[in-house]
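File shown: entry-v7.txt. Contents: compact mmCIF, C-alpha atoms (C1' of nucleotides).
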# COMPACT_ATOMS: atom_id res chain seq x y z
CA MET A 1 -13.12 -14.01 21.81
CA GLY A 2 -10.95 -12.95 24.65
CA ASN A 3 -7.65 -13.43 22.88
CA ASP A 4 -7.14 -9.67 22.55
CA ASP A 5 -7.24 -10.33 18.85
CA GLU A 6 -9.11 -12.34 16.28
CA ASP A 7 -12.39 -10.69 17.16
CA ALA A 8 -13.12 -9.03 13.86
CA GLY A 9 -11.14 -10.77 11.19
CA GLN A 10 -7.81 -9.36 12.26
CA ALA A 11 -4.83 -11.62 11.69
CA ALA A 12 -4.08 -13.59 14.82
CA GLN A 13 -1.08 -12.65 16.92
CA PRO A 14 2.04 -13.36 14.86
CA LYS A 15 4.41 -16.04 16.10
CA ARG A 16 7.71 -14.27 15.76
CA LYS A 17 8.46 -11.59 18.24
CA ASP A 18 9.79 -9.12 15.67
CA ALA A 19 6.49 -9.46 13.90
CA ARG A 20 4.60 -8.85 17.10
CA ARG A 21 6.76 -5.83 17.82
CA ASN A 22 6.22 -4.44 14.33
CA LYS A 23 2.50 -4.79 14.72
CA GLU A 24 2.58 -2.75 17.89
CA THR A 25 4.83 -0.17 16.31
CA LEU A 26 2.43 0.07 13.41
CA LEU A 27 -0.58 0.49 15.61
CA ASP A 28 1.15 3.27 17.51
CA ALA A 29 2.38 4.96 14.36
CA ALA A 30 -1.05 4.73 12.78
CA ALA A 31 -2.77 6.14 15.83
CA SER A 32 -0.34 9.00 15.90
CA VAL A 33 -0.64 9.75 12.20
CA PHE A 34 -4.41 9.53 12.38
CA VAL A 35 -4.40 12.18 15.07
CA THR A 36 -2.27 14.61 13.13
CA SER A 37 -3.26 13.91 9.54
CA GLY A 38 -6.62 12.28 9.87
CA VAL A 39 -7.83 8.80 9.19
CA GLU A 40 -7.35 9.26 5.48
CA ALA A 41 -3.61 9.62 5.78
CA PRO A 42 -1.71 7.69 3.09
CA VAL A 43 -0.55 4.22 4.06
CA ARG A 44 2.96 5.26 3.06
CA ASP A 45 2.97 7.95 5.71
CA ILE A 46 2.16 5.41 8.36
CA ALA A 47 4.81 3.05 7.07
CA ALA A 48 7.34 5.85 7.17
CA LYS A 49 6.31 6.91 10.66
CA ALA A 50 6.78 3.33 11.80
CA SER A 51 10.02 2.95 9.82
CA VAL A 52 8.57 -0.08 8.19
CA GLY A 53 8.04 -1.26 4.64
CA LEU A 54 4.70 -1.26 2.91
CA GLY A 55 4.67 -5.02 2.77
CA THR A 56 4.81 -5.13 6.53
CA ILE A 57 1.73 -3.03 6.90
CA TYR A 58 -0.22 -5.11 4.46
CA ARG A 59 0.83 -8.37 6.01
CA HIS A 60 -0.45 -7.27 9.38
CA PHE A 61 -3.47 -5.39 8.11
CA PRO A 62 -4.74 -6.67 4.78
CA THR A 63 -6.38 -3.34 4.10
CA ARG A 64 -6.35 0.24 5.27
CA ALA A 65 -9.71 -0.42 6.79
CA ASP A 66 -8.34 -3.22 8.95
CA LEU A 67 -5.73 -0.89 10.30
CA ILE A 68 -8.33 1.68 11.17
CA VAL A 69 -10.46 -0.92 12.88
CA ALA A 70 -7.48 -2.14 14.86
CA VAL A 71 -6.62 1.36 16.00
CA TYR A 72 -10.10 2.23 17.16
CA ARG A 73 -11.34 -1.15 18.27
CA HIS A 74 -10.92 -0.46 21.94
CA GLN A 75 -12.83 2.78 21.78
CA VAL A 76 -15.63 1.26 19.79
CA ASP A 77 -15.86 -1.54 22.29
CA ALA A 78 -15.93 0.92 25.13
CA CYS A 79 -18.76 2.78 23.46
CA ALA A 80 -20.67 -0.43 22.92
CA GLU A 81 -20.22 -1.43 26.53
CA ALA A 82 -21.36 1.94 27.75
CA GLY A 83 -24.81 1.33 26.26
CA PRO A 84 -26.24 -1.13 28.77
CA ALA A 85 -24.52 0.74 31.58
CA LEU A 86 -26.23 3.96 30.62
CA LEU A 87 -29.53 2.22 30.30
CA ALA A 88 -29.17 0.93 33.82
CA SER A 89 -28.05 4.19 35.35
CA SER A 90 -30.25 6.70 33.57
CA GLU A 91 -33.58 8.08 34.58
CA THR A 92 -35.28 7.09 31.38
CA PRO A 93 -34.37 5.04 28.35
CA HIS A 94 -34.60 8.14 26.24
CA ALA A 95 -32.05 9.88 28.40
CA ALA A 96 -29.77 6.87 28.09
CA LEU A 97 -30.17 6.90 24.35
CA GLY A 98 -29.32 10.57 24.20
CA GLN A 99 -26.23 10.15 26.30
CA TRP A 100 -25.09 7.14 24.39
CA ILE A 101 -25.50 8.90 21.07
CA ASN A 102 -23.49 11.77 22.49
CA LEU A 103 -20.72 9.37 23.32
CA PHE A 104 -20.75 8.08 19.80
CA VAL A 105 -20.82 11.54 18.29
CA ASP A 106 -17.92 12.69 20.45
CA PHE A 107 -15.96 9.69 19.37
CA LEU A 108 -16.60 10.29 15.69
CA VAL A 109 -16.09 14.03 15.75
CA THR A 110 -12.85 13.57 17.61
CA LYS A 111 -11.31 11.31 14.99
CA HIS A 112 -10.51 13.43 12.02
CA GLY A 113 -12.23 11.99 8.98
CA LEU A 114 -13.47 8.80 10.59
CA ALA A 115 -17.11 9.58 10.02
CA ALA A 116 -16.48 10.15 6.34
CA VAL A 117 -14.56 6.96 5.88
CA LEU A 118 -17.24 5.13 7.80
CA GLN A 119 -19.77 5.88 5.08
CA SER A 120 -17.48 5.29 2.17
CA ASP A 121 -19.00 2.61 0.04
CA ASN A 122 -15.68 1.84 -1.58
CA ALA A 123 -15.09 -1.86 -1.51
CA GLY A 124 -12.33 -2.60 0.96
CA PHE A 125 -13.95 -0.68 3.73
CA ASP A 126 -16.36 -3.49 4.38
CA THR A 127 -14.36 -4.56 7.40
CA LEU A 128 -14.67 -1.13 8.89
CA HIS A 129 -18.34 -0.92 8.18
CA ALA A 130 -18.89 -4.38 9.53
CA TYR A 131 -17.04 -3.85 12.75
CA PHE A 132 -18.77 -0.65 13.67
CA LEU A 133 -22.18 -1.98 12.79
CA ASP A 134 -21.77 -5.37 14.40
CA ARG A 135 -20.60 -3.76 17.56
CA LEU A 136 -22.85 -0.76 17.85
CA VAL A 137 -26.12 -1.49 16.11
CA PRO A 138 -27.24 -4.11 18.64
CA VAL A 139 -26.52 -1.71 21.48
CA CYS A 140 -28.40 1.04 19.77
CA ALA A 141 -31.26 -1.31 19.05
CA GLN A 142 -31.49 -2.18 22.72
CA LEU A 143 -31.64 1.46 23.76
CA LEU A 144 -34.13 2.24 21.04
CA GLU A 145 -36.35 -0.62 22.03
CA ALA A 146 -36.29 0.35 25.67
CA ALA A 147 -37.25 3.90 24.79
CA ALA A 148 -39.98 2.68 22.48
CA ASP A 149 -41.34 0.35 25.13
CA ALA A 150 -41.44 3.27 27.51
CA GLY A 151 -43.48 5.12 24.93
CA GLU A 152 -40.96 7.92 24.74
CA ILE A 153 -40.20 7.81 21.05
CA ARG A 154 -41.91 7.08 17.80
CA SER A 155 -41.09 3.56 16.84
CA GLY A 156 -40.29 2.28 13.42
CA LEU A 157 -36.82 3.69 13.09
CA LYS A 158 -34.28 0.93 12.81
CA ALA A 159 -31.13 1.17 14.89
CA TYR A 160 -29.10 0.84 11.73
CA GLU A 161 -30.71 3.88 10.22
CA LEU A 162 -30.19 5.93 13.30
CA MET A 163 -26.54 4.97 13.49
CA ARG A 164 -26.00 5.81 9.86
CA GLY A 165 -27.83 9.06 10.19
CA VAL A 166 -25.80 10.07 13.19
CA GLY A 167 -22.59 8.97 11.52
CA ASN A 168 -23.50 10.94 8.45
CA LEU A 169 -24.23 14.05 10.45
CA CYS A 170 -20.73 13.85 11.91
CA ILE A 171 -19.00 13.96 8.55
CA GLY A 172 -16.74 16.94 8.19
CA ALA A 173 -17.68 18.23 11.61
CA GLU A 174 -14.10 18.50 12.80
CA SER A 175 -12.85 20.60 9.94
CA ASP A 176 -15.64 23.13 9.76
CA PRO A 177 -16.07 25.50 12.68
CA ASP A 178 -19.39 26.64 11.23
CA TYR A 179 -20.90 23.21 11.42
CA ASP A 180 -21.98 21.79 14.75
CA ALA A 181 -22.76 18.13 14.32
CA ARG A 182 -23.65 17.73 17.96
CA ARG A 183 -26.47 20.18 17.71
CA LEU A 184 -27.92 18.57 14.62
CA VAL A 185 -27.77 15.17 16.20
CA GLU A 186 -29.59 16.57 19.20
CA LEU A 187 -32.24 17.91 16.88
CA LEU A 188 -32.54 14.52 15.27
CA ILE A 189 -32.97 12.82 18.61
CA ALA A 190 -35.46 15.47 19.60
CA GLY A 191 -37.43 14.73 16.47
CA LEU A 192 -37.54 11.14 17.55
CA ARG A 193 -39.56 11.88 20.65
CA GLN A 194 -43.15 10.91 20.70
CA PRO A 195 -45.00 14.08 19.60
CA GLN A 196 -46.72 14.22 22.96
CA ARG A 197 -48.30 11.63 25.08
CA MET B 1 -25.41 37.47 -15.47
CA GLY B 2 -27.91 36.20 -17.93
CA ASN B 3 -25.46 34.99 -20.49
CA ASP B 4 -26.42 31.37 -19.84
CA ASP B 5 -22.85 31.00 -18.69
CA GLU B 6 -20.28 32.79 -16.63
CA ASP B 7 -22.48 32.68 -13.56
CA ALA B 8 -20.30 30.55 -11.35
CA GLY B 9 -16.78 30.69 -12.62
CA GLN B 10 -17.46 28.53 -15.64
CA ALA B 11 -15.41 29.29 -18.72
CA ALA B 12 -17.30 31.63 -20.99
CA GLN B 13 -18.80 30.30 -24.21
CA PRO B 14 -15.93 29.26 -26.50
CA LYS B 15 -15.46 31.15 -29.75
CA ARG B 16 -15.01 28.31 -32.17
CA LYS B 17 -18.05 26.31 -33.05
CA ASP B 18 -16.32 22.94 -32.71
CA ALA B 19 -15.40 23.95 -29.21
CA ARG B 20 -18.95 24.90 -28.44
CA ARG B 21 -20.20 21.63 -29.86
CA ASN B 22 -17.70 19.67 -27.82
CA LYS B 23 -18.80 21.39 -24.68
CA GLU B 24 -22.38 20.37 -25.30
CA THR B 25 -21.33 16.83 -26.14
CA LEU B 26 -19.39 16.71 -22.93
CA LEU B 27 -22.24 17.96 -20.83
CA ASP B 28 -24.53 15.35 -22.34
CA ALA B 29 -22.01 12.58 -21.94
CA ALA B 30 -21.31 13.58 -18.37
CA ALA B 31 -24.98 13.71 -17.47
CA SER B 32 -25.49 10.31 -18.96
CA VAL B 33 -22.48 8.77 -17.24
CA PHE B 34 -23.46 10.34 -13.94
CA VAL B 35 -26.83 8.66 -14.19
CA THR B 36 -25.43 5.22 -14.84
CA SER B 37 -22.17 5.26 -12.91
CA GLY B 38 -22.69 7.99 -10.39
CA VAL B 39 -21.12 11.37 -9.95
CA GLU B 40 -17.81 9.83 -9.00
CA ALA B 41 -17.33 8.25 -12.40
CA PRO B 42 -13.77 8.60 -13.71
CA VAL B 43 -13.12 11.55 -15.97
CA ARG B 44 -11.74 9.13 -18.50
CA ASP B 45 -15.10 7.40 -18.75
CA ILE B 46 -16.77 10.67 -19.55
CA ALA B 47 -14.15 11.50 -22.14
CA ALA B 48 -14.65 8.11 -23.73
CA LYS B 49 -18.43 8.46 -23.73
CA ALA B 50 -18.06 11.81 -25.44
CA SER B 51 -15.37 10.48 -27.81
CA VAL B 52 -13.15 13.29 -26.76
CA GLY B 53 -9.64 13.57 -25.36
CA LEU B 54 -8.88 14.30 -21.76
CA GLY B 55 -7.40 17.63 -22.66
CA THR B 56 -10.73 18.69 -24.08
CA ILE B 57 -12.55 18.00 -20.86
CA TYR B 58 -10.05 19.90 -18.80
CA ARG B 59 -10.03 22.87 -21.11
CA HIS B 60 -13.78 23.25 -20.81
CA PHE B 61 -14.02 22.27 -17.17
CA PRO B 62 -10.87 23.00 -15.23
CA THR B 63 -11.84 20.42 -12.65
CA ARG B 64 -14.17 17.51 -12.17
CA ALA B 65 -16.13 19.70 -9.80
CA ASP B 66 -16.74 22.29 -12.50
CA LEU B 67 -18.17 19.63 -14.72
CA ILE B 68 -20.50 18.47 -11.99
CA VAL B 69 -21.62 22.01 -11.32
CA ALA B 70 -22.27 22.56 -15.00
CA VAL B 71 -24.34 19.41 -15.26
CA TYR B 72 -26.54 20.16 -12.28
CA ARG B 73 -26.65 23.91 -12.39
CA HIS B 74 -30.12 24.10 -13.83
CA GLN B 75 -31.57 21.80 -11.23
CA VAL B 76 -29.89 23.64 -8.40
CA ASP B 77 -31.23 26.89 -9.75
CA ALA B 78 -34.69 25.42 -10.01
CA CYS B 79 -34.50 24.31 -6.42
CA ALA B 80 -33.36 27.73 -5.33
CA GLU B 81 -36.16 29.39 -7.20
CA ALA B 82 -38.73 27.07 -5.71
CA GLY B 83 -38.01 28.45 -2.24
CA PRO B 84 -39.76 31.79 -2.43
CA ALA B 85 -42.54 30.23 -4.46
CA LEU B 86 -43.23 27.67 -1.76
CA LEU B 87 -43.11 30.31 0.89
CA ALA B 88 -45.76 32.25 -0.96
CA SER B 89 -48.01 29.31 -1.65
CA SER B 90 -47.82 27.35 1.57
CA GLU B 91 -50.02 27.52 4.62
CA THR B 92 -47.19 28.20 6.99
CA PRO B 93 -43.49 28.96 6.67
CA HIS B 94 -42.71 25.69 8.38
CA ALA B 95 -44.65 23.78 5.77
CA ALA B 96 -42.80 25.63 3.06
CA LEU B 97 -39.51 24.79 4.70
CA GLY B 98 -40.46 21.15 4.91
CA GLN B 99 -41.47 20.99 1.28
CA TRP B 100 -38.42 22.81 0.14
CA ILE B 101 -36.13 20.51 2.07
CA ASN B 102 -37.92 17.58 0.49
CA LEU B 103 -37.18 19.01 -2.90
CA PHE B 104 -33.54 19.28 -2.01
CA VAL B 105 -33.41 15.79 -0.57
CA ASP B 106 -35.06 14.32 -3.62
CA PHE B 107 -32.57 16.06 -5.80
CA LEU B 108 -29.60 14.77 -3.83
CA VAL B 109 -30.84 11.26 -3.35
CA THR B 110 -31.60 11.03 -7.02
CA LYS B 111 -28.08 11.85 -8.12
CA HIS B 112 -25.94 8.89 -7.30
CA GLY B 113 -23.08 10.01 -5.09
CA LEU B 114 -23.72 13.73 -5.33
CA ALA B 115 -24.34 14.15 -1.63
CA ALA B 116 -21.06 12.48 -0.80
CA VAL B 117 -19.06 14.56 -3.20
CA LEU B 118 -20.80 17.62 -1.90
CA GLN B 119 -19.21 17.16 1.50
CA SER B 120 -15.82 16.12 0.27
CA ASP B 121 -13.31 18.53 1.69
CA ASN B 122 -10.78 17.63 -0.97
CA ALA B 123 -9.39 20.76 -2.48
CA GLY B 124 -10.71 21.08 -6.00
CA PHE B 125 -14.29 20.66 -4.98
CA ASP B 126 -14.46 24.20 -3.76
CA THR B 127 -16.33 25.24 -6.86
CA LEU B 128 -18.97 22.65 -6.22
CA HIS B 129 -19.27 23.57 -2.59
CA ALA B 130 -19.40 27.21 -3.41
CA TYR B 131 -22.07 26.92 -6.05
CA PHE B 132 -24.44 24.89 -3.98
CA LEU B 133 -23.99 27.04 -0.92
CA ASP B 134 -24.16 30.36 -2.71
CA ARG B 135 -27.32 29.33 -4.43
CA LEU B 136 -29.17 27.48 -1.72
CA VAL B 137 -28.12 28.84 1.64
CA PRO B 138 -29.78 32.23 1.13
CA VAL B 139 -33.01 30.55 0.14
CA CYS B 140 -32.87 28.27 3.14
CA ALA B 141 -32.09 31.22 5.37
CA GLN B 142 -35.16 33.02 4.11
CA LEU B 143 -37.41 30.05 4.84
CA LEU B 144 -35.83 29.53 8.21
CA GLU B 145 -36.27 33.12 9.15
CA ALA B 146 -39.88 33.16 8.11
CA ALA B 147 -40.56 30.07 10.18
CA ALA B 148 -38.69 31.52 13.13
CA ASP B 149 -40.61 34.78 12.87
CA ALA B 150 -43.82 32.79 12.92
CA GLY B 151 -42.62 31.14 16.09
CA GLU B 152 -42.83 27.71 14.58
CA ILE B 153 -39.26 26.60 15.12
CA ARG B 154 -36.48 27.02 17.57
CA SER B 155 -34.19 29.67 16.27
CA GLY B 156 -30.44 29.67 16.37
CA LEU B 157 -29.79 27.12 13.69
CA LYS B 158 -27.96 28.65 10.80
CA ALA B 159 -29.15 27.88 7.30
CA TYR B 160 -25.70 26.67 6.43
CA GLU B 161 -25.78 24.11 9.16
CA LEU B 162 -29.17 22.85 8.19
CA MET B 163 -28.12 22.50 4.57
CA ARG B 164 -25.00 20.63 5.51
CA GLY B 165 -26.87 18.41 7.89
CA VAL B 166 -29.47 17.56 5.30
CA GLY B 167 -26.79 17.02 2.69
CA ASN B 168 -24.91 14.76 5.03
CA LEU B 169 -27.99 12.73 5.82
CA CYS B 170 -28.41 12.05 2.11
CA ILE B 171 -25.00 10.49 1.70
CA GLY B 172 -25.18 6.93 0.53
CA ALA B 173 -28.95 6.97 0.56
CA GLU B 174 -29.28 5.78 -3.00
CA SER B 175 -27.11 2.72 -2.65
CA ASP B 176 -28.51 1.35 0.58
CA PRO B 177 -32.08 0.12 0.61
CA ASP B 178 -31.96 -0.12 4.40
CA TYR B 179 -31.29 3.55 4.83
CA ASP B 180 -34.06 6.05 4.30
CA ALA B 181 -32.58 9.51 4.21
CA ARG B 182 -35.95 11.12 3.69
CA ARG B 183 -37.27 9.83 6.96
CA LEU B 184 -34.24 10.98 8.90
CA VAL B 185 -34.44 14.42 7.38
CA GLU B 186 -38.07 14.54 8.37
CA LEU B 187 -37.08 13.66 11.89
CA LEU B 188 -34.52 16.42 11.85
CA ILE B 189 -37.06 18.95 10.67
CA ALA B 190 -39.47 17.67 13.26
CA GLY B 191 -36.85 18.24 15.92
CA LEU B 192 -36.62 21.79 14.74
CA ARG B 193 -40.16 22.61 15.73
CA GLN B 194 -40.73 24.73 18.73
CA PRO B 195 -41.24 22.22 21.61
CA GLN B 196 -44.74 23.52 22.07
CA ARG B 197 -46.19 26.93 22.14
C1' DC C 1 -9.00 29.72 -52.11
C1' DA C 2 -4.43 29.32 -50.09
C1' DA C 3 -1.90 30.81 -46.25
C1' DC C 4 -1.51 31.61 -41.55
C1' DG C 5 -2.16 32.66 -36.68
C1' DA C 6 -5.19 31.61 -33.09
C1' DT C 7 -7.80 28.21 -31.02
C1' DA C 8 -8.76 23.64 -29.77
C1' DC C 9 -7.75 18.79 -29.72
C1' DG C 10 -5.86 14.10 -28.20
C1' DG C 11 -3.63 11.50 -25.36
C1' DA C 12 0.93 10.44 -23.43
C1' DA C 13 3.00 11.52 -19.19
C1' DC C 14 3.01 12.83 -14.40
C1' DC C 15 1.62 12.52 -9.63
C1' DA C 16 -0.65 10.44 -5.72
C1' DT C 17 -2.52 6.30 -3.54
C1' DG C 18 -3.95 1.67 -2.50
C1' DT C 19 -2.32 -2.91 -3.14
C1' DT C 20 0.48 -6.98 -4.76
C1' DC C 21 4.64 -9.56 -5.41
C1' DC C 22 8.96 -11.44 -4.70
C1' DG C 23 13.92 -11.71 -3.64
C1' DC C 24 16.37 -11.02 0.62
C1' DT C 25 16.81 -11.09 5.87
C1' DT C 26 15.86 -12.48 10.46
C1' DT C 27 14.36 -15.64 13.76
C1' DG C 28 14.19 -19.67 16.39
C1' DG C 29 14.52 -24.66 16.82
C1' DC C 30 17.98 -28.07 16.24
C1' DG D 1 26.31 -22.61 13.47
C1' DC D 2 22.62 -24.27 10.12
C1' DC D 3 18.34 -24.16 7.90
C1' DA D 4 13.52 -23.78 6.85
C1' DA D 5 9.92 -20.94 7.96
C1' DA D 6 8.32 -16.48 8.92
C1' DG D 7 8.76 -11.93 8.08
C1' DC D 8 10.56 -7.82 5.71
C1' DG D 9 11.26 -3.87 2.27
C1' DG D 10 10.13 -1.62 -1.43
C1' DA D 11 9.79 -1.88 -6.51
C1' DA D 12 6.05 -2.47 -9.48
C1' DC D 13 1.23 -2.42 -10.79
C1' DA D 14 -3.55 -0.39 -11.02
C1' DT D 15 -6.47 3.49 -10.84
C1' DG D 16 -7.74 8.11 -11.09
C1' DG D 17 -7.02 13.29 -11.36
C1' DT D 18 -4.46 16.68 -13.82
C1' DT D 19 -0.88 18.82 -16.90
C1' DC D 20 1.57 19.48 -21.14
C1' DC D 21 2.62 19.87 -25.71
C1' DG D 22 2.90 18.52 -30.58
C1' DT D 23 -0.66 18.39 -34.00
C1' DA D 24 -5.09 19.37 -36.26
C1' DT D 25 -8.84 22.50 -37.17
C1' DC D 26 -11.07 26.89 -37.67
C1' DG D 27 -11.90 31.17 -39.60
C1' DT D 28 -9.94 35.34 -41.14
C1' DT D 29 -7.29 37.75 -44.38
C1' DG D 30 -4.92 38.68 -48.74
Is it possible to give me this structure as structure tokens?
Amino acid sequence: MGNDDEDAGQAAQPKRKDARRNKETLLDAAASVFVTSGVEAPVRDIAAKASVGLGTIYRHFPTRADLIVAVYRHQVDACAEAGPALLASSETPHAALGQWINLFVDFLVTKHGLAAVLQSDNAGFDTLHAYFLDRLVPVCAQLLEAAADAGEIRSGLKAYELMRGVGNLCIGAESDPDYDARRLVELLIAGLRQPQR
Amino acid sequence: MGNDDEDAGQAAQPKRKDARRNKETLLDAAASVFVTSGVEAPVRDIAAKASVGLGTIYRHFPTRADLIVAVYRHQVDACAEAGPALLASSETPHAALGQWINLFVDFLVTKHGLAAVLQSDNAGFDTLHAYFLDRLVPVCAQLLEAAADAGEIRSGLKAYELMRGVGNLCIGAESDPDYDARRLVELLIAGLRQPQR
DNA sequence: CAACGATACGGAACCATGTTCCGCTTTGGC
DNA sequence: GCCAAAGCGGAACATGGTTCCGTATCGTTG
């Protein structure tokens, strides 16, 4: 860890500089295509955008999922790191949890189609699944535990479940003006509160 | 309406008896394949199971979504009809709402992959979308309104949103033992309650 | 009951996508 | 400048939805 790469099964930094350059180009192209066409954009589109062959994509990113992880890694990391910070700076653990979940929801809703792909149980998206969960579940668990210890929420809900639930609620939120994922997530978090104390 | 067909854009009953027979065979085969391989099973598998050509499937059901609708229509209808009944027989509107949502969740969780396909924004699944929403949203709206009138829940949440949220929460629930959609939906419904009165 | 038009059938073919493979090109150390 | 290694492009393959059309079947009519 600390190499700017290699953290989640990504291929290590290539040796040849053209390869390194191509990888950057690809990351940029992918990010750009994801913004305009969504995360489910065809690999060919990304290759075209980067003026690169398909082989090149697949050498750098063994799978579509790896590419997605690479593009969003920084933001996921940022979200993960925000957890402890919020816990430290918030009035109550429950408040921190709420704010952190909001961060996560904003992230998901902002990336066209990410939430959907995140739940896809198609083999090949394991990397994606794994990265998000490895990175975020522990943070969520910490927040949840703090809130539970403070007696603010019912206990017994695993962090994993909450993350999945929230992720699920975000599916399709960006393409349907009549569906407000944020509100539903708020309701969910509200339902998590201890009935009264 | 009342013809046992034609209610949701399905092709009307074919004239020739072999055609009619094939349609039944197909429905049975599809139902059976859906149970074992999930709703996302390839059309070809269903054709094979029914010992029928691909053309036959597509003549009877213009799209995969139409086939799915046809297979589950009765159950969706039953769910829709249970709404008013529950409202009449339950202590409070909120209880009725809770029970009705449970019915819906059980239905979704039981049908491998249905929840996922229900949210798919791929063109071609409009029929599916439309049928579920047309049938269930009004019922949900009625329950919601009754509960709101009774002052049991916060108002302002549209039935459509609730249905989508619940549907979303059910995605992947059947293939992941660590994810309990029912509990999360309960939490959501709990969050819907009026804070206190 | 044979003929015939309408209806339905089967499945090859087409399109889109993810992924693999391999002959050719570029790079970088000598 | 030369060469092996590293990398590249994109044709080809697999899968899955959907379309098309030549052929088979049905049922009506003479």
How close does each residue of chain D get to chain A, giving the shortest atom pair and distance in Å to one decimal for every residue with an atom at most 12 Å away, counting all atoms listed in the file, sorted by chain and residue number, as JSON lines?
{"residue": "D:DA5", "atom": "C1'", "partner": "A:Arg16", "partner_atom": "CA", "distance": 10.5}
{"residue": "D:DA6", "atom": "C1'", "partner": "A:Arg16", "partner_atom": "CA", "distance": 7.2}
{"residue": "D:DG7", "atom": "C1'", "partner": "A:Ala19", "partner_atom": "CA", "distance": 6.7}
{"residue": "D:DC8", "atom": "C1'", "partner": "A:Thr56", "partner_atom": "CA", "distance": 6.4}
{"residue": "D:DG9", "atom": "C1'", "partner": "A:Gly53", "partner_atom": "CA", "distance": 4.8}
{"residue": "D:DG10", "atom": "C1'", "partner": "A:Gly53", "partner_atom": "CA", "distance": 6.4}
{"residue": "D:DA11", "atom": "C1'", "partner": "A:Leu54", "partner_atom": "CA", "distance": 10.7}
Could you produce a table of the residues of chain A lying within 9 Å of chain C, with the nearest pair of atoms per residue and their separation in Å rounded to one decimal, using only C-alpha atoms (C1' of nucleotides), ordered by chain and increasing residue number, as CSV?
residue,atom,partner,partner_atom,distance
A:Arg16,CA,C:DT27,C1',7.1
A:Lys17,CA,C:DT27,C1',8.4
A:Asp18,CA,C:DT27,C1',8.2
A:Pro42,CA,C:DT17,C1',6.8
A:Val43,CA,C:DG18,C1',7.8
A:Arg44,CA,C:DT17,C1',8.6
A:Gly55,CA,C:DT20,C1',8.8
A:Tyr58,CA,C:DT19,C1',8.2
A:Thr63,CA,C:DT19,C1',8.3
A:Arg64,CA,C:DG18,C1',8.3
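Going from atom CA of Asp180 of chain B over to atom CA of Ala80 of chain B, you cover 23.7 Å.
Each of B:Ala147, B:Ala47, B:Ala141, B:Ala116 was checked against chain A using only C-alpha atoms; the smallest atom-to-atom distance is that of B:Ala116.
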Each residue of chain A lying at most 7 Å from chain B should get a row with its shortest atom-to-atom pair and the distance in Å to one decimal, counting all atoms listed in the file; could you produce that, ordered by chain and increasing number, as CSV?
residue,atom,partner,partner_atom,distance
A:Glu161,CA,B:Tyr179,CA,5.4
A:Gly165,CA,B:Leu169,CA,5.7
A:Asn168,CA,B:Asn168,CA,5.3
A:Leu169,CA,B:Asn168,CA,5.5
A:Ile171,CA,B:Asn168,CA,6.9
A:Tyr179,CA,B:Glu161,CA,5.5
A:Leu184,CA,B:Gly165,CA,6.8
A:Leu187,CA,B:Gly191,CA,4.7
A:Leu188,CA,B:Leu188,CA,4.4
A:Ala190,CA,B:Gly191,CA,4.8
A:Gly191,CA,B:Gly191,CA,3.6
A:Leu192,CA,B:Leu187,CA,6.2
For atom CA of Leu103 of chain A and atom CA of Ala41 of chain A, quote the distance in Å rounded to one decimal.
-> 24.5 Å
